[in-house]
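**Q** Sending over a structure as structure tokens; questions will come in a sec.
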Amino acid sequence: MTSSPLGSARFPVPRAWDVPPDAAAVPRARRSVLAILREWGVPLSEEALGEVELCAGEVIANAVEHTGGRCSVGVRWCGGSVRVEVADTGGSLTRAEPDEEATGGRGLLLVEALASTWGWHRRGAGKVVWFEYPTAGPADGSPSPAPWWGTANRHGRVAL
């Protein structure tokens, strides 16, 4: 947490890091999201933290698996919700209906079921897949700050 110059407000500084193009790096990245939320004192139950961790793991795994390249993970807390973004080098989002007997292919269905909202948008030659999960508000009871990223329209595009 960072304090304001007058020491009257506290707010979490958004975090971002790169994840190597290796499936073995996904669990560590997923646990990092959870550790950051705990460090910030985000008011989420253990069940809710588990759901955020699951969604983060699915989105990060998709980026690593489907692009074969490095991805970048960002975590932000605006008071009323947590936002996780995963940027990768893939140009589009592919959502094939999984075969009933397939052991994979349901990650985005889980994200859709658990997150309050999710989406994707192009960024440069790649894309960003994001999801938001609602919180009970700031841990210290102060008003929720406005999200730094702007407001997403119904198509998931951000107006800054």
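A note on labels: chains of the structure tokens are A, B, ... as shown, every chain counts residues from 1, and ligands are counted from 1 in their shown order.
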Within 7 Å of range 112-126 of chain A, which residues of range 21-102 of chain A show up? Give each one with its shortest atom-to-atom distance in Å (one decimal) and the two atoms involved, counting only C-alpha atoms, rows by chain then rising residue number, as JSON lines.
**A**
{"residue": "A:Glu51", "atom": "CA", "partner": "A:Leu114", "partner_atom": "CA", "distance": 6.6}
{"residue": "A:Asp88", "atom": "CA", "partner": "A:Gly126", "partner_atom": "CA", "distance": 5.6}
{"residue": "A:Thr89", "atom": "CA", "partner": "A:Gly126", "partner_atom": "CA", "distance": 4.0}
{"residue": "A:Gly90", "atom": "CA", "partner": "A:Gly126", "partner_atom": "CA", "distance": 4.8}
{"residue": "A:Gly91", "atom": "CA", "partner": "A:Gly126", "partner_atom": "CA", "distance": 4.6}
**Q** Which one of A:Glu58, A:Val73, A:Glu132, A:Leu49 sits closest to Leu110 in chain A if you count only C-alpha atoms?
**A**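 Smallest separation from Leu110 in chain A among the options: A:Glu58.
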**Q** Which of range 22-138 of chain A end up as alpha helix (DSSP H) when DSSP is run on this backbone - answer as a PyMOL selection string?
**A** chain A and resi 26-40+46-67+107-114
**Q** Please report the interatomic distance between CA of Val84 in chain A and CA of Ser32 in chain A in Å with one decimal.
**A**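 The value is 11.6 Å.
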**Q** Tell me which protein, DNA and RNA residues are within 12 Å of Ala25 in chain A, counting only C-alpha atoms, leaving out same-chain ones fewer than 6 positions away, and put them as a ChimeraX atom specification.
**A** /A:18-19,31-32,57,60-61,63-65,69-71
**Q** Since we have the selection now, will you write its residues out, keeping C-alpha atoms, as a short mmCIF file (atom, residue, chain, number, x, y, z; two decimals), in the first residue's frame?
**A**
data_model
loop_
_atom_site.label_atom_id
_atom_site.label_comp_id
_atom_site.auth_asym_id
_atom_site.auth_seq_id
_atom_site.Cartn_x
_atom_site.Cartn_y
_atom_site.Cartn_z
CA ASP A 18 5.91 -10.93 -16.95
CA VAL A 19 5.28 -14.67 -16.99
CA ARG A 31 -0.38 -17.69 -6.50
CA SER A 32 1.24 -14.26 -6.95
CA GLY A 57 -4.91 -19.34 -13.49
CA ILE A 60 -2.75 -16.99 -17.62
CA ALA A 61 -2.67 -20.64 -18.74
CA ALA A 63 -2.08 -17.01 -22.75
CA VAL A 64 0.92 -19.29 -22.23
CA GLU A 65 -0.58 -22.32 -23.93
CA GLY A 69 5.08 -16.75 -25.71
CA ARG A 70 5.59 -14.58 -22.68
CA CYS A 71 2.55 -12.84 -21.19
#
**Q** May I have the residues within 12 Å of Tyr133 in chain A as a PDB file with N, CA and C atoms, in the first residue's frame, using only C-alpha atoms and disregarding those fewer than 2 positions away in the same chain?
**A**
ATOM      1  N   LEU A  37      -3.374  -9.777  -3.442  1.00  0.00           N
ATOM      2  CA  LEU A  37      -4.682  -9.435  -2.877  1.00  0.00           C
ATOM      3  C   LEU A  37      -4.668  -9.534  -1.355  1.00  0.00           C
ATOM      4  N   VAL A  42      -7.511  -6.962   0.581  1.00  0.00           N
ATOM      5  CA  VAL A  42      -8.759  -6.890  -0.182  1.00  0.00           C
ATOM      6  C   VAL A  42      -9.829  -7.692   0.564  1.00  0.00           C
ATOM      7  N   PRO A  43     -10.986  -7.074   0.816  1.00  0.00           N
ATOM      8  CA  PRO A  43     -12.033  -7.755   1.582  1.00  0.00           C
ATOM      9  C   PRO A  43     -12.764  -8.817   0.755  1.00  0.00           C
ATOM     10  N   LEU A  44     -12.154  -9.996   0.689  1.00  0.00           N
ATOM     11  CA  LEU A  44     -12.728 -11.146   0.004  1.00  0.00           C
ATOM     12  C   LEU A  44     -12.645 -12.356   0.927  1.00  0.00           C
ATOM     13  N   SER A  45     -13.679 -13.180   0.907  1.00  0.00           N
ATOM     14  CA  SER A  45     -13.658 -14.413   1.691  1.00  0.00           C
ATOM     15  C   SER A  45     -12.635 -15.372   1.080  1.00  0.00           C
ATOM     16  N   ALA A  48     -13.994 -16.609  -2.148  1.00  0.00           N
ATOM     17  CA  ALA A  48     -13.867 -15.636  -3.228  1.00  0.00           C
ATOM     18  C   ALA A  48     -12.418 -15.532  -3.708  1.00  0.00           C
ATOM     19  N   LEU A  49     -11.467 -15.549  -2.774  1.00  0.00           N
ATOM     20  CA  LEU A  49     -10.054 -15.531  -3.168  1.00  0.00           C
ATOM     21  C   LEU A  49      -9.726 -16.748  -4.030  1.00  0.00           C
ATOM     22  N   GLY A  50     -10.295 -17.896  -3.675  1.00  0.00           N
ATOM     23  CA  GLY A  50     -10.084 -19.103  -4.468  1.00  0.00           C
ATOM     24  C   GLY A  50     -10.654 -18.961  -5.876  1.00  0.00           C
ATOM     25  N   GLU A  51     -11.790 -18.296  -5.990  1.00  0.00           N
ATOM     26  CA  GLU A  51     -12.386 -18.084  -7.314  1.00  0.00           C
ATOM     27  C   GLU A  51     -11.541 -17.129  -8.156  1.00  0.00           C
ATOM     28  N   VAL A  52     -11.025 -16.073  -7.536  1.00  0.00           N
ATOM     29  CA  VAL A  52     -10.139 -15.155  -8.262  1.00  0.00           C
ATOM     30  C   VAL A  52      -8.883 -15.894  -8.710  1.00  0.00           C
ATOM     31  N   GLU A  53      -8.333 -16.706  -7.820  1.00  0.00           N
ATOM     32  CA  GLU A  53      -7.131 -17.478  -8.157  1.00  0.00           C
ATOM     33  C   GLU A  53      -7.407 -18.429  -9.323  1.00  0.00           C
ATOM     34  N   LEU A  54      -8.559 -19.090  -9.314  1.00  0.00           N
ATOM     35  CA  LEU A  54      -8.915 -20.004 -10.392  1.00  0.00           C
ATOM     36  C   LEU A  54      -9.048 -19.250 -11.719  1.00  0.00           C
ATOM     37  N   CYS A  55      -9.748 -18.118 -11.703  1.00  0.00           N
ATOM     38  CA  CYS A  55      -9.908 -17.319 -12.932  1.00  0.00           C
ATOM     39  C   CYS A  55      -8.554 -16.845 -13.449  1.00  0.00           C
ATOM     40  N   ALA A  56      -7.710 -16.354 -12.553  1.00  0.00           N
ATOM     41  CA  ALA A  56      -6.382 -15.890 -12.965  1.00  0.00           C
ATOM     42  C   ALA A  56      -5.592 -17.030 -13.585  1.00  0.00           C
ATOM     43  N   VAL A  75      -2.560  -6.618 -11.894  1.00  0.00           N
ATOM     44  CA  VAL A  75      -3.583  -6.718 -10.857  1.00  0.00           C
ATOM     45  C   VAL A  75      -3.843  -5.319 -10.317  1.00  0.00           C
ATOM     46  N   ARG A  76      -5.124  -4.951 -10.231  1.00  0.00           N
ATOM     47  CA  ARG A  76      -5.511  -3.646  -9.721  1.00  0.00           C
ATOM     48  C   ARG A  76      -6.713  -3.798  -8.792  1.00  0.00           C
ATOM     49  N   TRP A  77      -6.780  -2.936  -7.792  1.00  0.00           N
ATOM     50  CA  TRP A  77      -7.926  -2.904  -6.891  1.00  0.00           C
ATOM     51  C   TRP A  77      -8.426  -1.483  -6.837  1.00  0.00           C
ATOM     52  N   CYS A  78      -9.642  -1.270  -7.279  1.00  0.00           N
ATOM     53  CA  CYS A  78     -10.196   0.083  -7.270  1.00  0.00           C
ATOM     54  C   CYS A  78     -11.158   0.278  -6.113  1.00  0.00           C
ATOM     55  N   GLY A  79     -11.190  -0.628  -5.185  1.00  0.00           N
ATOM     56  CA  GLY A  79     -12.054  -0.502  -4.025  1.00  0.00           C
ATOM     57  C   GLY A  79     -13.306  -1.344  -4.138  1.00  0.00           C
ATOM     58  N   GLY A  80     -14.031  -1.222  -5.236  1.00  0.00           N
ATOM     59  CA  GLY A  80     -15.253  -1.980  -5.418  1.00  0.00           C
ATOM     60  C   GLY A  80     -15.055  -3.288  -6.149  1.00  0.00           C
ATOM     61  N   SER A  81     -13.907  -3.424  -6.802  1.00  0.00           N
ATOM     62  CA  SER A  81     -13.624  -4.667  -7.513  1.00  0.00           C
ATOM     63  C   SER A  81     -12.127  -4.829  -7.728  1.00  0.00           C
ATOM     64  N   VAL A  82     -11.761  -6.060  -7.982  1.00  0.00           N
ATOM     65  CA  VAL A  82     -10.388  -6.406  -8.348  1.00  0.00           C
ATOM     66  C   VAL A  82     -10.412  -6.672  -9.842  1.00  0.00           C
ATOM     67  N   ARG A  83      -9.391  -6.188 -10.536  1.00  0.00           N
ATOM     68  CA  ARG A  83      -9.277  -6.434 -11.977  1.00  0.00           C
ATOM     69  C   ARG A  83      -7.951  -7.122 -12.247  1.00  0.00           C
ATOM     70  N   VAL A  84      -8.011  -8.217 -12.982  1.00  0.00           N
ATOM     71  CA  VAL A  84      -6.823  -8.945 -13.406  1.00  0.00           C
ATOM     72  C   VAL A  84      -6.794  -8.884 -14.930  1.00  0.00           C
ATOM     73  N   GLU A  85      -5.652  -8.475 -15.478  1.00  0.00           N
ATOM     74  CA  GLU A  85      -5.472  -8.397 -16.924  1.00  0.00           C
ATOM     75  C   GLU A  85      -4.284  -9.255 -17.329  1.00  0.00           C
ATOM     76  N   VAL A 111     -14.316 -18.667 -16.110  1.00  0.00           N
ATOM     77  CA  VAL A 111     -14.152 -17.227 -15.870  1.00  0.00           C
ATOM     78  C   VAL A 111     -15.499 -16.532 -16.010  1.00  0.00           C
ATOM     79  N   GLU A 112     -16.238 -16.869 -17.051  1.00  0.00           N
ATOM     80  CA  GLU A 112     -17.552 -16.269 -17.278  1.00  0.00           C
ATOM     81  C   GLU A 112     -18.510 -16.562 -16.127  1.00  0.00           C
ATOM     82  N   ALA A 113     -18.427 -17.769 -15.574  1.00  0.00           N
ATOM     83  CA  ALA A 113     -19.320 -18.163 -14.488  1.00  0.00           C
ATOM     84  C   ALA A 113     -18.946 -17.524 -13.150  1.00  0.00           C
ATOM     85  N   LEU A 114     -17.658 -17.317 -12.907  1.00  0.00           N
ATOM     86  CA  LEU A 114     -17.213 -16.860 -11.589  1.00  0.00           C
ATOM     87  C   LEU A 114     -17.001 -15.356 -11.477  1.00  0.00           C
ATOM     88  N   ALA A 115     -16.502 -14.723 -12.522  1.00  0.00           N
ATOM     89  CA  ALA A 115     -16.201 -13.289 -12.467  1.00  0.00           C
ATOM     90  C   ALA A 115     -17.475 -12.475 -12.655  1.00  0.00           C
ATOM     91  N   SER A 116     -17.475 -11.247 -12.142  1.00  0.00           N
ATOM     92  CA  SER A 116     -18.649 -10.391 -12.336  1.00  0.00           C
ATOM     93  C   SER A 116     -18.729  -9.911 -13.774  1.00  0.00           C
ATOM     94  N   THR A 117     -17.585  -9.714 -14.397  1.00  0.00           N
ATOM     95  CA  THR A 117     -17.524  -9.337 -15.806  1.00  0.00           C
ATOM     96  C   THR A 117     -16.152  -9.715 -16.347  1.00  0.00           C
ATOM     97  N   TRP A 118     -16.077  -9.911 -17.641  1.00  0.00           N
ATOM     98  CA  TRP A 118     -14.803 -10.225 -18.263  1.00  0.00           C
ATOM     99  C   TRP A 118     -14.878  -9.819 -19.724  1.00  0.00           C
ATOM    100  N   TRP A 130      -9.218  -9.819 -19.669  1.00  0.00           N
ATOM    101  CA  TRP A 130      -9.355  -9.293 -18.315  1.00  0.00           C
ATOM    102  C   TRP A 130     -10.626  -9.838 -17.663  1.00  0.00           C
ATOM    103  N   PHE A 131     -10.628  -9.795 -16.340  1.00  0.00           N
ATOM    104  CA  PHE A 131     -11.854 -10.084 -15.601  1.00  0.00           C
ATOM    105  C   PHE A 131     -11.860  -9.237 -14.346  1.00  0.00           C
ATOM    106  N   THR A 135     -15.607  -6.726  -4.704  1.00  0.00           N
ATOM    107  CA  THR A 135     -15.152  -6.797  -3.316  1.00  0.00           C
ATOM    108  C   THR A 135     -16.164  -6.083  -2.438  1.00  0.00           C
ATOM    109  N   ALA A 136     -15.950  -6.168  -1.164  1.00  0.00           N
ATOM    110  CA  ALA A 136     -16.823  -5.495  -0.213  1.00  0.00           C
ATOM    111  C   ALA A 136     -16.455  -4.024  -0.066  1.00  0.00           C
ATOM    112  N   GLY A 137     -15.419  -3.547  -0.759  1.00  0.00           N
ATOM    113  CA  GLY A 137     -14.966  -2.163  -0.660  1.00  0.00           C
ATOM    114  C   GLY A 137     -13.611  -2.114   0.008  1.00  0.00           C
TER     115      GLY A 137
END
